[in-house]
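**Q** This is the structure I want to talk about, given as structure tokens.
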Amino acid sequence: MHYYRIMDSMEELFNPEFNEDDNIVVVATRKELVRNPALPSWMCDFNIIDPDTIHFSMAESNQYNITGTFCIINHQRQEEESCFSYTIWPQGVLFIDETGMAVKIIRRIHAYRQWKVIDVGRFFYNFLEQLIYGDLRYLEQLERAISNLEQQVLNDDMEDFNELMSDLRKDIIDCNHYYSQLEDLGGELVDNENEFFTEEEIRKFDQFTSRAQRLRDEATMLREYSMQVQELYQSQIDQNMNSTMKTLTVVTIIFVPLQLVTGWYGMNFKYMPELASPYGYVGVIAVCVLIVLFCLWLFKKKDLW
């Protein structure tokens, strides 16, 4: 288990020795909660949620606490989502986490954050901030990746386009859902139904909600942009197909009169004068060449090829 006391900075406690009126943060797994009951008396009413049943981020206000879950997406897709639950009381927060993600976030806060006001609400606001830290830069990377695909399509270099675009759209959709969930979570904290938080803390949660909303709007814009590039790709495919069909049509039209000539002279009637002429073979070749040249000139003039 990991214990932290919230002061002007976070103090990690390596032994569970704290006063009942201390503001504390506890991170534990389900097994550790069963083995180690050394928790303050007010931190006794909590639900242990099976992590396999956690699929989104949310918050729910109860009479004596606020319970919820986090399902943090991994932008690099090197690992699966980190899902864990939490419970908030006026005196502290309990995270039940099997993934280790909560400890990583708290240690970042521990290393860089200091407060002028000591309270649980300010800590949880900073915890929420860490969930979206650097996400705007990540969305910018997605936008550049889509822009590069767009340029490749314009350059008629469409190798692996569908695979790359599919991965990008999955990331964008995941981000859109993630920020929407965080926006709802922040809205629940802003409502402050059980009056845990001060006006200043509510203002901070409202700031977080606005940031999550802007990120969601950015993800929505990227989703629309990706759809436009997909349409451009399809348009380019259709254009290439039309070009191919035009070429086949031109070739077919050129060979139609040649087939007529070969069919005509393939009849081999006895009194066909060209059959006995010493220049008949060369003459037919010349006529065919002239027909081809005339067709090419006509198509070029009409801008059909």
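Chain labels A, B, ... are given in the sequence in which chains occur in the structure tokens; within each chain residues are numbered consecutively from 1, and ligands are likewise numbered from 1 in the order shown.
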Would you return as a ChimeraX atom specification the members of range 40-199 of chain A that DSSP assigns to helix (DSSP H, G or I) on this structure's backbone?
**A** /A:51-53,101-112,120-131,135-154,161-191,199
**Q** Fewer than 2 positions away in the same chain doesn't count, so skip those; otherwise give me all residues within 9 Å of Phe205 in chain A, counting only C-alpha atoms, as an MDAnalysis selection string.
**A** chainID A and resid 121:122 125 128 186:187 189:190 200:203 207:210
**Q** Might you pull out every residue within 12 Å of Lys170 in chain A, with only C-alpha atoms counted and same-chain residues fewer than 6 positions away left off, and present them as a list in words?
**A**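 In the requested form, the answer reads Ile73, His75, Arg77, Leu142, Glu163, Leu164, Asn176, His177, Ala219, Leu222, Arg223 and Ser226 of chain A.
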**Q** Generate the output file for the selected residues, all heavy atoms, as a compact mmCIF listing (two decimals), in the first residue's frame.
**A**
# COMPACT_ATOMS: atom_id res chain seq x y z
N ILE A 73 -6.69 5.88 -21.27
CA ILE A 73 -6.23 5.31 -22.53
C ILE A 73 -4.72 5.52 -22.68
O ILE A 73 -4.16 6.48 -22.14
CB ILE A 73 -6.96 5.93 -23.74
CG1 ILE A 73 -6.71 7.44 -23.81
CG2 ILE A 73 -8.43 5.64 -23.67
CD1 ILE A 73 -7.32 8.09 -25.04
N HIS A 75 -2.05 6.41 -25.28
CA HIS A 75 -1.98 7.00 -26.61
C HIS A 75 -1.02 6.27 -27.52
O HIS A 75 -1.21 6.26 -28.73
CB HIS A 75 -1.55 8.47 -26.49
CG HIS A 75 -2.60 9.34 -25.86
ND1 HIS A 75 -3.93 9.27 -26.21
CD2 HIS A 75 -2.51 10.30 -24.90
CE1 HIS A 75 -4.62 10.15 -25.50
NE2 HIS A 75 -3.78 10.78 -24.69
N ARG A 77 -0.46 3.07 -27.51
CA ARG A 77 -0.96 1.71 -27.74
C ARG A 77 0.09 0.62 -27.43
O ARG A 77 0.04 -0.47 -27.99
CB ARG A 77 -1.44 1.53 -29.19
CG ARG A 77 -2.69 2.34 -29.50
CD ARG A 77 -3.26 2.01 -30.85
NE ARG A 77 -4.52 2.69 -31.05
CZ ARG A 77 -5.70 2.24 -30.63
NH1 ARG A 77 -5.74 1.10 -29.98
NH2 ARG A 77 -6.81 2.91 -30.86
N LEU A 142 -1.52 13.74 -34.19
CA LEU A 142 -2.51 13.06 -35.01
C LEU A 142 -2.89 13.92 -36.21
O LEU A 142 -3.05 13.41 -37.33
CB LEU A 142 -3.75 12.74 -34.18
CG LEU A 142 -3.62 11.69 -33.08
CD1 LEU A 142 -4.96 11.50 -32.37
CD2 LEU A 142 -3.15 10.36 -33.65
N GLU A 163 -4.79 1.12 -43.98
CA GLU A 163 -4.31 0.63 -42.69
C GLU A 163 -3.91 1.78 -41.77
O GLU A 163 -4.28 1.82 -40.59
CB GLU A 163 -3.13 -0.31 -42.90
CG GLU A 163 -2.56 -0.90 -41.62
CD GLU A 163 -1.39 -1.82 -41.86
OE1 GLU A 163 -1.10 -2.11 -43.04
OE2 GLU A 163 -0.77 -2.27 -40.88
N LEU A 164 -3.17 2.76 -42.32
CA LEU A 164 -2.73 3.90 -41.52
C LEU A 164 -3.91 4.75 -41.07
O LEU A 164 -3.99 5.17 -39.91
CB LEU A 164 -1.74 4.74 -42.33
CG LEU A 164 -0.41 4.07 -42.68
CD1 LEU A 164 0.41 4.94 -43.61
CD2 LEU A 164 0.38 3.75 -41.41
N ASN A 176 -11.93 10.84 -28.35
CA ASN A 176 -13.23 11.52 -28.27
C ASN A 176 -14.07 10.98 -27.13
O ASN A 176 -14.64 11.74 -26.34
CB ASN A 176 -13.97 11.37 -29.61
CG ASN A 176 -15.12 12.33 -29.76
OD1 ASN A 176 -16.07 12.27 -28.99
ND2 ASN A 176 -15.05 13.20 -30.75
N HIS A 177 -14.13 9.66 -27.02
CA HIS A 177 -14.90 9.04 -25.94
C HIS A 177 -14.27 9.35 -24.57
O HIS A 177 -14.99 9.63 -23.60
CB HIS A 177 -14.97 7.52 -26.14
CG HIS A 177 -15.78 7.13 -27.33
ND1 HIS A 177 -15.71 5.87 -27.89
CD2 HIS A 177 -16.66 7.82 -28.08
CE1 HIS A 177 -16.52 5.80 -28.92
NE2 HIS A 177 -17.11 6.97 -29.07
N ALA A 219 -10.76 16.65 -30.86
CA ALA A 219 -10.83 15.28 -31.37
C ALA A 219 -11.96 15.14 -32.39
O ALA A 219 -11.83 14.43 -33.39
CB ALA A 219 -11.03 14.30 -30.22
N LEU A 222 -10.73 16.53 -35.61
CA LEU A 222 -9.83 15.60 -36.27
C LEU A 222 -10.59 14.44 -36.91
O LEU A 222 -10.21 13.96 -37.99
CB LEU A 222 -8.82 15.05 -35.26
CG LEU A 222 -7.75 16.02 -34.76
CD1 LEU A 222 -6.85 15.33 -33.75
CD2 LEU A 222 -6.93 16.57 -35.91
N ARG A 223 -11.66 14.03 -36.25
CA ARG A 223 -12.48 12.95 -36.83
C ARG A 223 -13.09 13.40 -38.15
O ARG A 223 -13.11 12.65 -39.14
CB ARG A 223 -13.57 12.56 -35.83
CG ARG A 223 -14.39 11.34 -36.24
CD ARG A 223 -15.35 10.95 -35.14
NE ARG A 223 -16.11 9.76 -35.49
CZ ARG A 223 -17.02 9.20 -34.70
NH1 ARG A 223 -17.25 9.72 -33.50
NH2 ARG A 223 -17.67 8.13 -35.09
N SER A 226 -10.33 13.56 -40.77
CA SER A 226 -9.98 12.23 -41.28
C SER A 226 -11.02 11.73 -42.28
O SER A 226 -10.67 11.08 -43.27
CB SER A 226 -9.84 11.24 -40.12
OG SER A 226 -11.09 10.99 -39.50
**Q** Please give the complete set of residues from range 81-296 of chain A that DSSP, run on the backbone, assigns to strand (DSSP E or B), formatted as a PDB file with all heavy atoms, in the first residue's frame.
**A**
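Written out: selection-v2.pdb:
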ATOM      1  N   SER A  82      -5.493   1.597 -18.590  1.00  0.00           N
ATOM      2  CA  SER A  82      -5.298   1.430 -17.147  1.00  0.00           C
ATOM      3  C   SER A  82      -6.600   1.799 -16.453  1.00  0.00           C
ATOM      4  O   SER A  82      -7.015   2.958 -16.459  1.00  0.00           O
ATOM      5  CB  SER A  82      -4.156   2.331 -16.654  1.00  0.00           C
ATOM      6  OG  SER A  82      -2.946   1.994 -17.291  1.00  0.00           O
ATOM      7  N   CYS A  83      -7.256   0.813 -15.869  1.00  0.00           N
ATOM      8  CA  CYS A  83      -8.571   1.025 -15.262  1.00  0.00           C
ATOM      9  C   CYS A  83      -8.488   0.763 -13.752  1.00  0.00           C
ATOM     10  O   CYS A  83      -7.957  -0.271 -13.323  1.00  0.00           O
ATOM     11  CB  CYS A  83      -9.612   0.108 -15.899  1.00  0.00           C
ATOM     12  SG  CYS A  83      -9.821   0.365 -17.690  1.00  0.00           S
ATOM     13  N   PHE A  84      -9.025   1.692 -12.973  1.00  0.00           N
ATOM     14  CA  PHE A  84      -9.045   1.529 -11.518  1.00  0.00           C
ATOM     15  C   PHE A  84     -10.167   2.395 -10.953  1.00  0.00           C
ATOM     16  O   PHE A  84     -10.769   3.220 -11.654  1.00  0.00           O
ATOM     17  CB  PHE A  84      -7.697   1.915 -10.898  1.00  0.00           C
ATOM     18  CG  PHE A  84      -7.208   3.295 -11.276  1.00  0.00           C
ATOM     19  CD1 PHE A  84      -7.502   4.394 -10.484  1.00  0.00           C
ATOM     20  CD2 PHE A  84      -6.440   3.470 -12.411  1.00  0.00           C
ATOM     21  CE1 PHE A  84      -7.046   5.658 -10.827  1.00  0.00           C
ATOM     22  CE2 PHE A  84      -5.974   4.729 -12.762  1.00  0.00           C
ATOM     23  CZ  PHE A  84      -6.279   5.832 -11.971  1.00  0.00           C
ATOM     24  N   SER A  85     -10.457   2.193  -9.677  1.00  0.00           N
ATOM     25  CA  SER A  85     -11.566   2.900  -9.035  1.00  0.00           C
ATOM     26  C   SER A  85     -11.031   3.813  -7.938  1.00  0.00           C
ATOM     27  O   SER A  85      -9.869   3.712  -7.523  1.00  0.00           O
ATOM     28  CB  SER A  85     -12.566   1.900  -8.445  1.00  0.00           C
ATOM     29  OG  SER A  85     -11.955   1.095  -7.454  1.00  0.00           O
ATOM     30  N   TYR A  86     -11.883   4.683  -7.444  1.00  0.00           N
ATOM     31  CA  TYR A  86     -11.492   5.620  -6.392  1.00  0.00           C
ATOM     32  C   TYR A  86     -12.708   5.975  -5.546  1.00  0.00           C
ATOM     33  O   TYR A  86     -13.867   5.820  -5.980  1.00  0.00           O
ATOM     34  CB  TYR A  86     -10.880   6.897  -6.988  1.00  0.00           C
ATOM     35  CG  TYR A  86     -11.856   7.704  -7.813  1.00  0.00           C
ATOM     36  CD1 TYR A  86     -12.650   8.698  -7.231  1.00  0.00           C
ATOM     37  CD2 TYR A  86     -11.999   7.474  -9.175  1.00  0.00           C
ATOM     38  CE1 TYR A  86     -13.550   9.436  -7.981  1.00  0.00           C
ATOM     39  CE2 TYR A  86     -12.891   8.203  -9.931  1.00  0.00           C
ATOM     40  CZ  TYR A  86     -13.664   9.183  -9.334  1.00  0.00           C
ATOM     41  OH  TYR A  86     -14.562   9.906 -10.086  1.00  0.00           O
ATOM     42  N   THR A  87     -12.427   6.454  -4.355  1.00  0.00           N
ATOM     43  CA  THR A  87     -13.453   6.978  -3.457  1.00  0.00           C
ATOM     44  C   THR A  87     -12.908   8.245  -2.806  1.00  0.00           C
ATOM     45  O   THR A  87     -11.764   8.256  -2.340  1.00  0.00           O
ATOM     46  CB  THR A  87     -13.843   5.955  -2.377  1.00  0.00           C
ATOM     47  OG1 THR A  87     -14.259   4.733  -2.997  1.00  0.00           O
ATOM     48  CG2 THR A  87     -14.994   6.495  -1.517  1.00  0.00           C
ATOM     49  N   ILE A  88     -13.723   9.303  -2.778  1.00  0.00           N
ATOM     50  CA  ILE A  88     -13.309  10.585  -2.209  1.00  0.00           C
ATOM     51  C   ILE A  88     -14.147  10.874  -0.967  1.00  0.00           C
ATOM     52  O   ILE A  88     -15.376  10.749  -0.994  1.00  0.00           O
ATOM     53  CB  ILE A  88     -13.489  11.737  -3.219  1.00  0.00           C
ATOM     54  CG1 ILE A  88     -12.753  11.441  -4.523  1.00  0.00           C
ATOM     55  CG2 ILE A  88     -13.006  13.062  -2.630  1.00  0.00           C
ATOM     56  CD1 ILE A  88     -13.014  12.469  -5.604  1.00  0.00           C
ATOM     57  N   TRP A  89     -13.459  11.240   0.113  1.00  0.00           N
ATOM     58  CA  TRP A  89     -14.096  11.767   1.314  1.00  0.00           C
ATOM     59  C   TRP A  89     -13.582  13.197   1.530  1.00  0.00           C
ATOM     60  O   TRP A  89     -12.575  13.591   0.921  1.00  0.00           O
ATOM     61  CB  TRP A  89     -13.744  10.923   2.536  1.00  0.00           C
ATOM     62  CG  TRP A  89     -14.295   9.534   2.528  1.00  0.00           C
ATOM     63  CD1 TRP A  89     -15.482   9.115   3.031  1.00  0.00           C
ATOM     64  CD2 TRP A  89     -13.656   8.361   2.008  1.00  0.00           C
ATOM     65  NE1 TRP A  89     -15.635   7.758   2.864  1.00  0.00           N
ATOM     66  CE2 TRP A  89     -14.519   7.267   2.220  1.00  0.00           C
ATOM     67  CE3 TRP A  89     -12.433   8.129   1.355  1.00  0.00           C
ATOM     68  CZ2 TRP A  89     -14.225   5.974   1.836  1.00  0.00           C
ATOM     69  CZ3 TRP A  89     -12.127   6.844   0.963  1.00  0.00           C
ATOM     70  CH2 TRP A  89     -13.013   5.783   1.207  1.00  0.00           C
ATOM     71  N   GLY A  92      -9.864  12.796   2.468  1.00  0.00           N
ATOM     72  CA  GLY A  92      -8.863  12.081   1.682  1.00  0.00           C
ATOM     73  C   GLY A  92      -9.446  11.287   0.535  1.00  0.00           C
ATOM     74  O   GLY A  92     -10.661  11.314   0.274  1.00  0.00           O
ATOM     75  N   VAL A  93      -8.564  10.557  -0.131  1.00  0.00           N
ATOM     76  CA  VAL A  93      -8.927   9.786  -1.325  1.00  0.00           C
ATOM     77  C   VAL A  93      -8.322   8.389  -1.207  1.00  0.00           C
ATOM     78  O   VAL A  93      -7.186   8.228  -0.766  1.00  0.00           O
ATOM     79  CB  VAL A  93      -8.412  10.460  -2.613  1.00  0.00           C
ATOM     80  CG1 VAL A  93      -8.893   9.697  -3.848  1.00  0.00           C
ATOM     81  CG2 VAL A  93      -8.839  11.918  -2.688  1.00  0.00           C
ATOM     82  N   LEU A  94      -9.098   7.388  -1.619  1.00  0.00           N
ATOM     83  CA  LEU A  94      -8.624   6.014  -1.704  1.00  0.00           C
ATOM     84  C   LEU A  94      -8.702   5.556  -3.151  1.00  0.00           C
ATOM     85  O   LEU A  94      -9.757   5.628  -3.779  1.00  0.00           O
ATOM     86  CB  LEU A  94      -9.477   5.097  -0.822  1.00  0.00           C
ATOM     87  CG  LEU A  94      -9.263   3.582  -1.009  1.00  0.00           C
ATOM     88  CD1 LEU A  94      -7.856   3.182  -0.587  1.00  0.00           C
ATOM     89  CD2 LEU A  94     -10.317   2.782  -0.239  1.00  0.00           C
ATOM     90  N   PHE A  95      -7.559   5.107  -3.683  1.00  0.00           N
ATOM     91  CA  PHE A  95      -7.510   4.512  -5.013  1.00  0.00           C
ATOM     92  C   PHE A  95      -7.335   3.009  -4.863  1.00  0.00           C
ATOM     93  O   PHE A  95      -6.442   2.559  -4.136  1.00  0.00           O
ATOM     94  CB  PHE A  95      -6.346   5.069  -5.826  1.00  0.00           C
ATOM     95  CG  PHE A  95      -6.464   6.526  -6.163  1.00  0.00           C
ATOM     96  CD1 PHE A  95      -5.805   7.482  -5.397  1.00  0.00           C
ATOM     97  CD2 PHE A  95      -7.228   6.944  -7.242  1.00  0.00           C
ATOM     98  CE1 PHE A  95      -5.898   8.819  -5.705  1.00  0.00           C
ATOM     99  CE2 PHE A  95      -7.326   8.293  -7.557  1.00  0.00           C
ATOM    100  CZ  PHE A  95      -6.673   9.237  -6.786  1.00  0.00           C
ATOM    101  N   ILE A  96      -8.159   2.252  -5.545  1.00  0.00           N
ATOM    102  CA  ILE A  96      -8.002   0.801  -5.588  1.00  0.00           C
ATOM    103  C   ILE A  96      -7.534   0.459  -6.992  1.00  0.00           C
ATOM    104  O   ILE A  96      -8.299   0.484  -7.949  1.00  0.00           O
ATOM    105  CB  ILE A  96      -9.315   0.074  -5.245  1.00  0.00           C
ATOM    106  CG1 ILE A  96      -9.833   0.519  -3.877  1.00  0.00           C
ATOM    107  CG2 ILE A  96      -9.111  -1.432  -5.271  1.00  0.00           C
ATOM    108  CD1 ILE A  96     -11.163  -0.098  -3.487  1.00  0.00           C
TER     109      ILE A  96
END
**Q** As a PyMOL selection string, please: the residues near Ala28 in chain A (cut-off 10 Å, only C-alpha atoms, same-chain neighbours under 5 positions excluded).
**A** chain A and resi 1-3+33-34+36+94-98+100+102-103
**Q** Using only C-alpha atoms, which residue out of A:Glu150, A:Glu17, A:Glu32, A:Asp206 lies closest to Glu188 in chain A?
**A** A:Asp206
**Q** Please provide as an NGL selection string all residues within 10 Å of range 157-159 of chain A, with the sequence filter that same-chain residues fewer than 5 positions apart are discarded (counting only C-alpha atoms).
**A** :A and (149-152 or 164 or 233 or 236-237)
